[in-house]
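Asker: Input: one structure, supplied below.
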Amino acid sequence: SQKIEQNSEALNIQEGKTATLTCNYTNYSPAYLQWYRQDPGRGPVFLLLIRENEKEKRKERLKVTFDTTLKQSLFHITASQPADSATYLCALAGGGNKLTFGTGTQLKVEL
Amino acid sequence: GAVVSQHPSRVICKSGTSVKIECRSLDFQATTMFWYRQFPKQSLMLMATSNEGSKATYEQGVEKDKFLINHASLTLSTLTVTSAHPEDSSFYICSAFRTSGERGSDTQYFGPGTRLTVL
């Protein structure tokens, strides 16, 4: 069956460091993969989309990689700030423009 | 751009009553909207796909007679939870699908969510 795995344990890092979050999937061949940020009690906010033929994408302090051979995406936040603390969700696109979400990884950036 | 609103943000109702949640795309038209449910510490689970001018398609295990979806215009979809029970208490989130014109770059934009509590 299809599965999307993200680290269920919270990731705690110091301000200024680079946070790296992992998304692994099985039994999928997504056309594209997306990363979202979700704050408590709020809906997800779209961050980045990366297509199957793209290896890497950047947006300001964010970087996403997509390895369709390893079936893995890495999400990096450089020069992290306490305001980056949130849960980060990866989502894979399937048929009918549907998205299937991972369980998310909670990031805490400490001073 | 790409703002999606939901109303209400929070609702408490008695068991057996019906609750309607609205989802609006404020600055773009969306022929397709999606409804999700999220339980605490869990991921978003897709409930149904709402298509403007046609019937919604429901995911396996989601009762279409209990969760009525109407997508009457290109900017509005509604979800009605009928005869709500305590187990329907959850965080309901809608999204609107926006086409970018660039293949493989279309994406969903989410509303802020509605917290439903059924007593």
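A note on labels: chains of the structure tokens are A, B, ... as shown, every chain counts residues from 1, and ligands are counted from 1 in their shown order.
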For A:Gln38, please output as an MDAnalysis selection string all residues within 7 Å (counting only C-alpha atoms; exclusion window: fewer than 3 positions along the same chain).

Answerer: chainID A and resid 42:45 86:88

Asker: Okay, now the selection with N, CA, C and O atoms, as a short mmCIF file (atom, residue, chain, number, x, y, z; two decimals), in the first residue's frame?

Answerer:
data_model
loop_
_atom_site.label_atom_id
_atom_site.label_comp_id
_atom_site.auth_asym_id
_atom_site.auth_seq_id
_atom_site.Cartn_x
_atom_site.Cartn_y
_atom_site.Cartn_z
N ARG A 42 -4.40 25.81 12.71
CA ARG A 42 -4.50 26.53 11.45
C ARG A 42 -4.40 25.55 10.29
O ARG A 42 -3.93 24.43 10.42
N GLY A 43 -4.83 26.00 9.11
CA GLY A 43 -4.69 25.18 7.92
C GLY A 43 -3.27 25.25 7.40
O GLY A 43 -2.51 26.15 7.74
N PRO A 44 -2.87 24.28 6.57
CA PRO A 44 -1.52 24.27 6.02
C PRO A 44 -1.29 25.46 5.08
O PRO A 44 -2.21 25.90 4.40
N VAL A 45 -0.06 25.92 5.07
CA VAL A 45 0.34 27.00 4.17
C VAL A 45 1.34 26.46 3.18
O VAL A 45 2.35 25.86 3.57
N ALA A 86 7.17 25.15 13.74
CA ALA A 86 5.85 24.76 13.22
C ALA A 86 5.93 23.28 12.88
O ALA A 86 6.97 22.64 13.05
N THR A 87 4.84 22.74 12.38
CA THR A 87 4.85 21.38 11.83
C THR A 87 4.95 21.48 10.31
O THR A 87 4.24 22.28 9.70
N TYR A 88 5.82 20.69 9.73
CA TYR A 88 6.03 20.72 8.28
C TYR A 88 5.53 19.41 7.69
O TYR A 88 5.90 18.32 8.12
#

Asker: Tell me which protein, DNA and RNA residues are within 12 Å of A:Glu110, counting only C-alpha atoms, leaving out same-chain ones fewer than 6 positions away, and put them as a PyMOL selection string.

Answerer: chain A and resi 11-17+19+80-85

Asker: Considering only C-alpha atoms, return as a PyMOL selection string whatever protein or nucleic-acid residues lie within 12 Å of stretch 60-69 of chain A, sequence-local ones (same chain, fewer than 2 positions apart) excluded.

Answerer: chain A and resi 16-37+47-58+71-81+84+90+92

Asker: What is the atom CA of B:Ala56 to atom CA of A:Pro40 distance in Å?

Answerer: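 A separation of 28.6 Å between them.
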
Asker: Provide the atom CA of B:Leu74 to atom CA of B:Gln29 distance in Å, to one decimal place.

Answerer: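 Value for the atom CA of B:Leu74-atom CA of B:Gln29 distance: 5.1 Å.
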
Asker: Leaving out B:Gln6 and any residue of its chain fewer than 3 positions from it, which residues lie within 7 Å of it when counting only C-alpha atoms, given as a ChimeraX atom specification?

Answerer: /B:9,22-24,111-114

Asker: Just N, CA, C and O atoms for this one: save the residues we selected as a compact mmCIF listing (two decimals), in the first residue's frame.

Answerer:
# COMPACT_ATOMS: atom_id res chain seq x y z
N SER B 9 -15.02 29.62 12.00
CA SER B 9 -13.71 29.10 12.40
C SER B 9 -13.87 28.09 13.53
O SER B 9 -13.01 27.21 13.71
N GLU B 22 -18.55 26.77 5.33
CA GLU B 22 -18.33 27.37 4.01
C GLU B 22 -16.84 27.51 3.71
O GLU B 22 -16.05 27.84 4.59
N CYS B 23 -16.51 27.32 2.47
CA CYS B 23 -15.13 27.48 2.00
C CYS B 23 -15.17 28.38 0.76
O CYS B 23 -15.87 28.06 -0.21
N ARG B 24 -14.43 29.47 0.82
CA ARG B 24 -14.42 30.42 -0.30
C ARG B 24 -13.02 30.71 -0.78
O ARG B 24 -12.11 30.93 0.03
N GLY B 111 -7.75 26.67 3.45
CA GLY B 111 -8.40 27.58 4.36
C GLY B 111 -7.82 27.43 5.75
O GLY B 111 -7.02 26.52 6.01
N PRO B 112 -8.24 28.29 6.67
CA PRO B 112 -7.69 28.26 8.03
C PRO B 112 -8.27 27.16 8.91
O PRO B 112 -7.79 26.94 10.02
N GLY B 113 -9.31 26.46 8.42
CA GLY B 113 -9.86 25.36 9.19
C GLY B 113 -11.06 25.76 10.04
O GLY B 113 -11.24 26.92 10.39
N THR B 114 -11.87 24.76 10.36
CA THR B 114 -13.04 24.93 11.23
C THR B 114 -12.98 23.87 12.31
O THR B 114 -12.94 22.68 12.00

Asker: Could you tell me which of A:Phe46, A:Lys59, A:Gly95, A:Leu111 comes closest to chain B if we count only C-alpha atoms?

Answerer: A:Phe46

Asker: Closest to B:Glu59 among B:Ala2, B:Ala72, B:Ala30, B:Met45, using only C-alpha atoms?

Answerer: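 Smallest separation from B:Glu59 among the options: B:Met45.
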
Asker: Between atom CA of B:Ser77 and atom CA of B:Phe97, what is the spacing in Å?

Answerer: 12.0 Å

Asker: Just asking: which residues within chain A are strand (DSSP E) according to DSSP, as a ChimeraX atom specification?

Answerer: /A:3-6,11-14,19-26,32-38,45-51,56-59,62-67,72-77,86-93,99-101,105-110

Asker: May I ask you to extract the residues of chain B within 12 Å of chain A, using only C-alpha atoms, and to give them as a ChimeraX atom specification?

Answerer: /B:2-6,9-10,31-51,57-59,90-100,102-116

Asker: Can you list, as a list in words, every protein, DNA or RNA residue that comes within 6 Å of stretch 81-86 of chain B when you count only C-alpha atoms, leaving out same-chain residues fewer than 3 positions away?

Answerer: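 Close residues of stretch 81-86 of chain B: Ser15, Gly16, Thr17, Ser18, Val19, Lys66, Phe67, Ser89, Val118 and Leu119 of chain B.
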
Asker: Pull N, CA and C atoms from the residues just selected and write them as an mmCIF file, in the first residue's frame.

Answerer:
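Once written, again.cif looks like this:
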data_model
loop_
_atom_site.group_PDB
_atom_site.id
_atom_site.type_symbol
_atom_site.label_atom_id
_atom_site.label_comp_id
_atom_site.auth_asym_id
_atom_site.auth_seq_id
_atom_site.Cartn_x
_atom_site.Cartn_y
_atom_site.Cartn_z
ATOM 1 N N SER B 15 -25.505 17.136 19.744
ATOM 2 C CA SER B 15 -25.604 15.894 18.996
ATOM 3 C C SER B 15 -26.946 15.826 18.275
ATOM 4 N N GLY B 16 -26.912 15.435 17.018
ATOM 5 C CA GLY B 16 -28.144 15.313 16.238
ATOM 6 C C GLY B 16 -28.445 16.494 15.350
ATOM 7 N N THR B 17 -27.757 17.596 15.555
ATOM 8 C CA THR B 17 -27.979 18.774 14.711
ATOM 9 C C THR B 17 -27.054 18.735 13.510
ATOM 10 N N SER B 18 -27.329 19.617 12.543
ATOM 11 C CA SER B 18 -26.506 19.714 11.335
ATOM 12 C C SER B 18 -25.704 21.000 11.364
ATOM 13 N N VAL B 19 -24.530 20.927 10.817
ATOM 14 C CA VAL B 19 -23.629 22.077 10.802
ATOM 15 C C VAL B 19 -23.128 22.299 9.378
ATOM 16 N N LYS B 66 -23.851 11.662 5.051
ATOM 17 C CA LYS B 66 -23.577 12.328 6.309
ATOM 18 C C LYS B 66 -22.820 13.643 6.069
ATOM 19 N N PHE B 67 -21.954 13.627 5.091
ATOM 20 C CA PHE B 67 -21.149 14.806 4.773
ATOM 21 C C PHE B 67 -21.570 15.300 3.389
ATOM 22 N N SER B 89 -16.538 15.249 15.894
ATOM 23 C CA SER B 89 -15.726 16.382 16.361
ATOM 24 C C SER B 89 -14.339 16.265 15.771
ATOM 25 N N VAL B 118 -18.875 18.528 18.850
ATOM 26 C CA VAL B 118 -20.250 18.052 18.989
ATOM 27 C C VAL B 118 -20.426 17.542 20.413
ATOM 28 N N LEU B 119 -21.369 18.136 21.114
ATOM 29 C CA LEU B 119 -21.571 17.762 22.532
ATOM 30 C C LEU B 119 -22.537 16.587 22.678
#
